[in-house]
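Structure first, then comments.
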Amino acid sequence: MDDSNIHDVPIIHSVIERKSAEIGFTMPSDIYIGTLLKTLISSKPGGKFLELGTGIGLSLSWMIDGMDIESELMTVDNDPKLTTIAEQYFGNDERVEIVCEDGTKWIENYAGDKFDLIFADAWPGKYSEINEILSLVKVGGIYIIDDMTAQPNWPEGHDKNVDRLVSYLENRADFNLTKMNWSTGVIIAVRIK
């Protein structure tokens with residue numbers, strides 16, 4: 001697919017892309033994942049959303065663009081440099097809470113309401129604390145992960161982590177899931193009970 005055919009890109013997105021290049025941030029989210037997140041979030045009016053792995057805020061920009069005025073989003077990252085940048089772009093949006101904390105600790109300590117959609121783009125909530133994070137998805141809620149097909153920046157042996165995760169998700173009777181060989185490789189799982 002040609003990126004130039006993507007419409008309705010968040011206004012702030014190109015600014016964040018330039019900032020990524022400026023600081024040498026090498027793990028930006030794929031633009032197609034952004035469009036998917038925006039679409040899925042827009043299906044949950046008044047929703048409660050979670051992103052694990054804020055990064056510099058590229059995916060966050062799409063997620064916010066899909067939210068209505070009643071929605072709220074929490075995003076968690078352990079890198080204060082990145083969360084400070086995200087705070088500069090999104091800190092004035094009262095619907096958004098940017099948390100700088102170790103993802104594992106955050107997951108272990110979170111005691112709030114469940115989420116309508118969780119985008120896990122960090123090790124915690126994707127390769128560790130997976131059972132805990134899936135328990136935070138509402139019935140009818142969505143759990144989404146990307147980078148499920150081999151990526152150039154994968155460390156040696158990471159494919160085994162991916163295989164274990166996919167097998168684990170496939171064997172959960174409380175979620176329906178779709179594996180998509182699209183973008184960077186996507187899995188969308190919906191809690192059914």
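FYI, nothing fancy with the structure tokens labels: chains A, B, ... in order, residues from 1 per chain, ligands from 1 as they appear.
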Taking the DSSP assignment computed from this structure's backbone, write out as a count of residues only all residues of segment 49-101 of chain A that belong to strand (DSSP E or B). 15
Taking 6 positions as the minimum chain separation for residues in the same chain, which residues sit within 9 Å of Lys126 of chain A when counting only C-alpha atoms? Answer as a CSV table (one decimal) with C-alpha atoms, in the first residue's frame.
```
chain,number,residue,atom,x,y,z
A,52,LEU,CA,1.2,0.5,26.8
A,120,ALA,CA,0.0,-3.2,23.9
A,133,ILE,CA,-3.4,-7.2,31.1
A,145,ILE,CA,-0.8,-5.9,19.3
A,165,LEU,CA,2.5,-15.3,22.7
```
So which bits of chain A end up alpha helix (DSSP H) when you DSSP the backbone, as a count of residues only? 68
With a cut-off of 12 Å, could you pull out the residues of segment 69-138 of chain A touching segment 169-186 of chain A and give me the nearest pair of atoms for each, distance in Å to one decimal, using only C-alpha atoms, ordered by chain and ascending number, as CSV?
```
residue,atom,partner,partner_atom,distance
A:Phe119,CA,A:Val186,CA,10.8
A:Ala120,CA,A:Val186,CA,11.2
A:Asp121,CA,A:Val186,CA,11.1
A:Lys126,CA,A:Leu169,CA,10.5
A:Tyr127,CA,A:Leu169,CA,11.1
A:Ile130,CA,A:Leu169,CA,9.3
A:Asn131,CA,A:Leu169,CA,9.8
A:Leu134,CA,A:Phe175,CA,9.2
A:Ser135,CA,A:Asp174,CA,10.1
A:Val137,CA,A:Phe175,CA,10.0
A:Lys138,CA,A:Phe175,CA,10.8
```
May I ask which of the residues A:Gln151, A:Thr54, A:Thr104, A:Ser61 is the closest one to Thr84 of chain A, counting only C-alpha atoms? A:Thr54
Work out how far apart atom CA of Glu70 of chain A and atom CA of Trp123 of chain A are and give it in Å to one decimal. 29.3 Å
With distances taken over only C-alpha atoms, the candidate from A:Glu97, A:Asn109, A:Leu117, A:Asn161 nearest Gly46 of chain A is A:Leu117
Skipping near chain neighbours, those fewer than 4 positions away, what residues fall within 12 Å of segment 90-94 of chain A using only C-alpha atoms, listed as a ChimeraX atom specification? /A:12-13,16,54,56-58,60-65,67,69-75,83-86,98-99
For Ser43 of chain A, which of A:Gly103, A:Gly157, A:Gly141, A:Pro124 is the closest residue, counting only C-alpha atoms? A:Gly141
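What separates atom CA of Met148 of chain A from atom CA of Tyr110 of chain A is a distance of 26.4 Å.
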May I have the residues within 10 Å of Ala111 of chain A as a ChimeraX atom specification, using only C-alpha atoms and disregarding those fewer than 4 positions away in the same chain? /A:106-107,136
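Atom CA of Ile142 of chain A sits 6.3 Å away from atom CA of Ile118 of chain A.
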